[in-house]
$ cat final_13.cif   # mmCIF, N, CA and C atoms
data_entry
loop_
_atom_site.group_PDB
_atom_site.id
_atom_site.type_symbol
_atom_site.label_atom_id
_atom_site.label_comp_id
_atom_site.auth_asym_id
_atom_site.auth_seq_id
_atom_site.Cartn_x
_atom_site.Cartn_y
_atom_site.Cartn_z
ATOM 1 N N MET S 1 -15.610 -5.555 65.369
ATOM 2 C CA MET S 1 -15.734 -4.148 65.079
ATOM 3 C C MET S 1 -16.403 -3.992 63.712
ATOM 4 N N LYS S 2 -17.441 -3.225 63.688
ATOM 5 C CA LYS S 2 -18.167 -2.998 62.442
ATOM 6 C C LYS S 2 -17.795 -1.641 61.879
ATOM 7 N N ILE S 3 -17.796 -1.581 60.577
ATOM 8 C CA ILE S 3 -17.480 -0.341 59.872
ATOM 9 C C ILE S 3 -18.653 -0.021 58.948
ATOM 10 N N SER S 4 -19.024 1.229 58.905
ATOM 11 C CA SER S 4 -20.165 1.611 58.079
ATOM 12 C C SER S 4 -19.744 1.716 56.610
ATOM 13 N N ASP S 5 -20.728 1.782 55.739
ATOM 14 C CA ASP S 5 -20.449 1.895 54.301
ATOM 15 C C ASP S 5 -19.733 3.202 53.984
ATOM 16 N N LYS S 6 -20.119 4.278 54.677
ATOM 17 C CA LYS S 6 -19.484 5.578 54.436
ATOM 18 C C LYS S 6 -18.013 5.556 54.841
ATOM 19 N N GLU S 7 -17.702 4.931 55.977
ATOM 20 C CA GLU S 7 -16.317 4.813 56.409
ATOM 21 C C GLU S 7 -15.512 3.950 55.440
ATOM 22 N N LEU S 8 -16.119 2.889 54.959
ATOM 23 C CA LEU S 8 -15.475 2.008 53.991
ATOM 24 C C LEU S 8 -15.169 2.762 52.698
ATOM 25 N N ALA S 9 -16.115 3.563 52.242
ATOM 26 C CA ALA S 9 -15.922 4.353 51.027
ATOM 27 C C ALA S 9 -14.823 5.394 51.228
ATOM 28 N N THR S 10 -14.784 6.012 52.394
ATOM 29 C CA THR S 10 -13.748 7.001 52.691
ATOM 30 C C THR S 10 -12.367 6.366 52.684
ATOM 31 N N LEU S 11 -12.243 5.205 53.306
ATOM 32 C CA LEU S 11 -10.963 4.498 53.301
ATOM 33 C C LEU S 11 -10.543 4.128 51.883
ATOM 34 N N TYR S 12 -11.483 3.680 51.090
ATOM 35 C CA TYR S 12 -11.189 3.295 49.705
ATOM 36 C C TYR S 12 -10.634 4.490 48.924
ATOM 37 N N ILE S 13 -11.285 5.642 49.052
ATOM 38 C CA ILE S 13 -10.853 6.837 48.323
ATOM 39 C C ILE S 13 -9.480 7.293 48.805
ATOM 40 N N GLN S 14 -9.224 7.248 50.122
ATOM 41 C CA GLN S 14 -7.930 7.659 50.657
ATOM 42 C C GLN S 14 -6.808 6.765 50.135
ATOM 43 N N TYR S 15 -7.013 5.452 50.182
ATOM 44 C CA TYR S 15 -5.984 4.542 49.694
ATOM 45 C C TYR S 15 -5.786 4.673 48.193
ATOM 46 N N LYS S 16 -6.863 4.958 47.473
ATOM 47 C CA LYS S 16 -6.760 5.144 46.023
ATOM 48 C C LYS S 16 -5.881 6.364 45.701
ATOM 49 N N LYS S 17 -6.063 7.458 46.463
ATOM 50 C CA LYS S 17 -5.260 8.660 46.265
ATOM 51 C C LYS S 17 -3.792 8.407 46.619
ATOM 52 N N GLN S 18 -3.562 7.676 47.713
ATOM 53 C CA GLN S 18 -2.188 7.368 48.113
ATOM 54 C C GLN S 18 -1.492 6.504 47.068
ATOM 55 N N LYS S 19 -2.218 5.545 46.508
ATOM 56 C CA LYS S 19 -1.635 4.680 45.486
ATOM 57 C C LYS S 19 -1.234 5.500 44.268
ATOM 58 N N LYS S 20 -2.084 6.435 43.865
ATOM 59 C CA LYS S 20 -1.793 7.283 42.716
ATOM 60 C C LYS S 20 -0.554 8.140 42.991
ATOM 61 N N TYR S 21 -0.467 8.680 44.212
ATOM 62 C CA TYR S 21 0.673 9.510 44.596
ATOM 63 C C TYR S 21 1.973 8.705 44.559
ATOM 64 N N TYR S 22 1.977 7.518 45.136
ATOM 65 C CA TYR S 22 3.183 6.702 45.163
ATOM 66 C C TYR S 22 3.543 6.157 43.781
ATOM 67 N N LYS S 23 2.563 5.986 42.928
ATOM 68 C CA LYS S 23 2.842 5.546 41.564
ATOM 69 C C LYS S 23 3.607 6.632 40.807
ATOM 70 N N GLU S 24 3.253 7.905 41.048
ATOM 71 C CA GLU S 24 3.952 9.022 40.415
ATOM 72 C C GLU S 24 5.365 9.158 40.968
ATOM 73 N N ILE S 25 5.531 8.979 42.269
ATOM 74 C CA ILE S 25 6.840 9.103 42.905
ATOM 75 C C ILE S 25 7.761 7.972 42.459
ATOM 76 N N LYS S 26 7.178 6.789 42.258
ATOM 77 C CA LYS S 26 7.967 5.616 41.893
ATOM 78 C C LYS S 26 8.772 5.847 40.620
ATOM 79 N N LYS S 27 8.252 6.650 39.725
ATOM 80 C CA LYS S 27 8.951 6.925 38.478
ATOM 81 C C LYS S 27 10.205 7.764 38.729
ATOM 82 N N GLU S 28 10.122 8.686 39.688
ATOM 83 C CA GLU S 28 11.236 9.589 39.965
ATOM 84 C C GLU S 28 12.327 8.910 40.788
ATOM 85 N N ARG S 29 11.938 8.266 41.869
ATOM 86 C CA ARG S 29 12.904 7.600 42.738
ATOM 87 C C ARG S 29 12.275 6.323 43.272
ATOM 88 N N CYS S 30 13.093 5.359 43.513
ATOM 89 C CA CYS S 30 12.558 4.071 43.923
ATOM 90 C C CYS S 30 13.396 3.485 45.058
ATOM 91 N N SER S 31 13.009 3.761 46.291
ATOM 92 C CA SER S 31 13.683 3.151 47.431
ATOM 93 C C SER S 31 12.852 1.966 47.905
ATOM 94 N N LEU S 32 13.449 1.131 48.695
ATOM 95 C CA LEU S 32 12.738 -0.047 49.194
ATOM 96 C C LEU S 32 11.607 0.332 50.141
ATOM 97 N N VAL S 33 11.783 1.406 50.886
ATOM 98 C CA VAL S 33 10.746 1.851 51.815
ATOM 99 C C VAL S 33 9.505 2.288 51.043
ATOM 100 N N GLU S 34 9.711 3.064 49.987
ATOM 101 C CA GLU S 34 8.586 3.523 49.180
ATOM 102 C C GLU S 34 7.912 2.364 48.457
ATOM 103 N N LEU S 35 8.705 1.429 47.976
ATOM 104 C CA LEU S 35 8.151 0.260 47.311
ATOM 105 C C LEU S 35 7.331 -0.581 48.292
ATOM 106 N N ASN S 36 7.831 -0.741 49.499
ATOM 107 C CA ASN S 36 7.119 -1.496 50.518
ATOM 108 C C ASN S 36 5.791 -0.820 50.866
ATOM 109 N N HIS S 37 5.810 0.507 50.998
ATOM 110 C CA HIS S 37 4.586 1.241 51.307
ATOM 111 C C HIS S 37 3.579 1.123 50.164
ATOM 112 N N TYR S 38 4.064 1.191 48.940
ATOM 113 C CA TYR S 38 3.199 1.049 47.762
ATOM 114 C C TYR S 38 2.531 -0.327 47.742
ATOM 115 N N LEU S 39 3.294 -1.373 48.022
ATOM 116 C CA LEU S 39 2.733 -2.726 48.046
ATOM 117 C C LEU S 39 1.727 -2.897 49.180
ATOM 118 N N GLU S 40 1.984 -2.248 50.308
ATOM 119 C CA GLU S 40 1.043 -2.295 51.428
ATOM 120 C C GLU S 40 -0.272 -1.611 51.059
ATOM 121 N N ILE S 41 -0.184 -0.493 50.358
ATOM 122 C CA ILE S 41 -1.382 0.221 49.909
ATOM 123 C C ILE S 41 -2.193 -0.653 48.955
ATOM 124 N N LYS S 42 -1.491 -1.324 48.024
ATOM 125 C CA LYS S 42 -2.182 -2.205 47.077
ATOM 126 C C LYS S 42 -2.902 -3.335 47.812
ATOM 127 N N ARG S 43 -2.260 -3.897 48.841
ATOM 128 C CA ARG S 43 -2.870 -4.988 49.610
ATOM 129 C C ARG S 43 -4.116 -4.503 50.343
ATOM 130 N N CYS S 44 -4.022 -3.321 50.937
ATOM 131 C CA CYS S 44 -5.182 -2.759 51.643
ATOM 132 C C CYS S 44 -6.321 -2.466 50.677
ATOM 133 N N LEU S 45 -5.991 -1.945 49.501
ATOM 134 C CA LEU S 45 -7.018 -1.671 48.494
ATOM 135 C C LEU S 45 -7.716 -2.953 48.060
ATOM 136 N N THR S 46 -6.960 -4.023 47.930
ATOM 137 C CA THR S 46 -7.548 -5.303 47.549
ATOM 138 C C THR S 46 -8.543 -5.776 48.604
ATOM 139 N N MET S 47 -8.160 -5.649 49.879
ATOM 140 C CA MET S 47 -9.068 -6.054 50.961
ATOM 141 C C MET S 47 -10.320 -5.186 50.984
ATOM 142 N N LEU S 48 -10.150 -3.884 50.747
ATOM 143 C CA LEU S 48 -11.307 -2.987 50.722
ATOM 144 C C LEU S 48 -12.241 -3.313 49.564
ATOM 145 N N LYS S 49 -11.674 -3.629 48.403
ATOM 146 C CA LYS S 49 -12.496 -3.982 47.245
ATOM 147 C C LYS S 49 -13.298 -5.256 47.497
ATOM 148 N N VAL S 50 -12.684 -6.224 48.172
ATOM 149 C CA VAL S 50 -13.393 -7.470 48.501
ATOM 150 C C VAL S 50 -14.552 -7.179 49.442
ATOM 151 N N GLU S 51 -14.305 -6.362 50.456
ATOM 152 C CA GLU S 51 -15.368 -6.015 51.403
ATOM 153 C C GLU S 51 -16.478 -5.225 50.706
ATOM 154 N N MET S 52 -16.096 -4.326 49.793
ATOM 155 C CA MET S 52 -17.102 -3.555 49.061
ATOM 156 C C MET S 52 -17.957 -4.472 48.193
ATOM 157 N N SER S 53 -17.336 -5.464 47.580
ATOM 158 C CA SER S 53 -18.109 -6.374 46.734
ATOM 159 C C SER S 53 -19.047 -7.241 47.566
ATOM 160 N N HIS S 54 -18.632 -7.596 48.781
ATOM 161 C CA HIS S 54 -19.514 -8.359 49.669
ATOM 162 C C HIS S 54 -20.753 -7.541 50.054
ATOM 163 N N ARG S 55 -20.563 -6.243 50.198
ATOM 164 C CA ARG S 55 -21.678 -5.370 50.583
ATOM 165 C C ARG S 55 -22.467 -4.861 49.380
ATOM 166 N N GLY S 56 -21.971 -5.120 48.188
ATOM 167 C CA GLY S 56 -22.671 -4.662 46.984
ATOM 168 C C GLY S 56 -22.416 -3.199 46.685
ATOM 169 N N LEU S 57 -21.303 -2.686 47.158
ATOM 170 C CA LEU S 57 -20.949 -1.283 46.975
ATOM 171 C C LEU S 57 -19.991 -1.170 45.782
ATOM 172 N N THR S 58 -20.301 -0.290 44.840
ATOM 173 C CA THR S 58 -19.447 -0.120 43.665
ATOM 174 C C THR S 58 -18.525 1.086 43.864
ATOM 175 N N LYS S 59 -17.561 1.224 42.959
ATOM 176 C CA LYS S 59 -16.612 2.332 43.040
ATOM 177 C C LYS S 59 -17.319 3.674 42.863
ATOM 178 N N LYS S 60 -18.269 3.729 41.946
ATOM 179 C CA LYS S 60 -19.007 4.969 41.707
ATOM 180 C C LYS S 60 -19.814 5.374 42.938
ATOM 181 N N GLN S 61 -20.435 4.402 43.592
ATOM 182 C CA GLN S 61 -21.199 4.685 44.789
ATOM 183 C C GLN S 61 -20.278 5.175 45.901
ATOM 184 N N ALA S 62 -19.094 4.606 45.986
ATOM 185 C CA ALA S 62 -18.120 5.021 47.002
ATOM 186 C C ALA S 62 -17.705 6.470 46.788
ATOM 187 N N LYS S 63 -17.489 6.841 45.530
ATOM 188 C CA LYS S 63 -17.098 8.222 45.239
ATOM 189 C C LYS S 63 -18.221 9.189 45.596
ATOM 190 N N LYS S 64 -19.464 8.807 45.321
ATOM 191 C CA LYS S 64 -20.601 9.670 45.661
ATOM 192 C C LYS S 64 -20.769 9.813 47.157
ATOM 193 N N MET S 65 -20.510 8.749 47.906
ATOM 194 C CA MET S 65 -20.673 8.797 49.359
ATOM 195 C C MET S 65 -19.649 9.714 50.022
ATOM 196 N N CYS S 66 -18.475 9.854 49.417
ATOM 197 C CA CYS S 66 -17.409 10.674 50.003
ATOM 198 C C CYS S 66 -17.609 12.162 49.743
ATOM 199 N N LYS S 67 -18.393 12.507 48.762
ATOM 200 C CA LYS S 67 -18.594 13.928 48.434
ATOM 201 C C LYS S 67 -19.532 14.587 49.374
#
$ encode --input "final_13.cif" --output "structure tokens"
Amino acid sequence: MKISDKELATLYIQYKKQKKYYKEIKKERCSLVELNHYLEIKRCLTMLKVEMSHRGLTKKQAKKMCK
């Protein structure tokens, strides 16, 4: 299954927003479910960053593609 650069950029931005949201929530309350979801988001972001680097796509380019 192939994914386009625009789809990859969209996924990157979505996971980035979710990570920011869970980072803010983590300060208020910290359950194991939320911690597990936060770690899963970080893992997905890492995989997306690796794929972006293979394609030569930078974070700035990803943000421009999503607008």
$ closest_residue --input "final_13.cif" --among "S:Tyr12, S:Glu28, S:Glu40, S:Ile3" --to "Ala62 (chain S)" --atoms "all atoms listed in the file"
S:Tyr12
$ resolve_selection --input "final_13.cif" --expression "the PyMOL selection byres (((chain S and resi 48 and name CA) around 12) and name CA)" --output "PyMOL selection string"
chain S and resi 3+5+7-16+41-47+49-55+57-59+62
$ closest_residue --input "final_13.cif" --among "S:Met65, S:Gly56, S:Lys6, S:Leu35" --to "Lys19 (chain S)" --atoms "only C-alpha atoms"
S:Leu35
$ atom_distance --input "final_13.cif" --atom1 "atom N of Gln61 (chain S)" --atom2 "atom N of Gln18 (chain S)"
17.7 Å
$ atom_distance --input "final_13.cif" --atom1 "CA of Tyr38 (chain S)" --atom2 "atom N of Lys63 (chain S)"
21.6 Å
$ atom_distance --input "final_13.cif" --atom1 "atom N of Lys23 (chain S)" --atom2 "atom C of His37 (chain S)"
8.8 Å
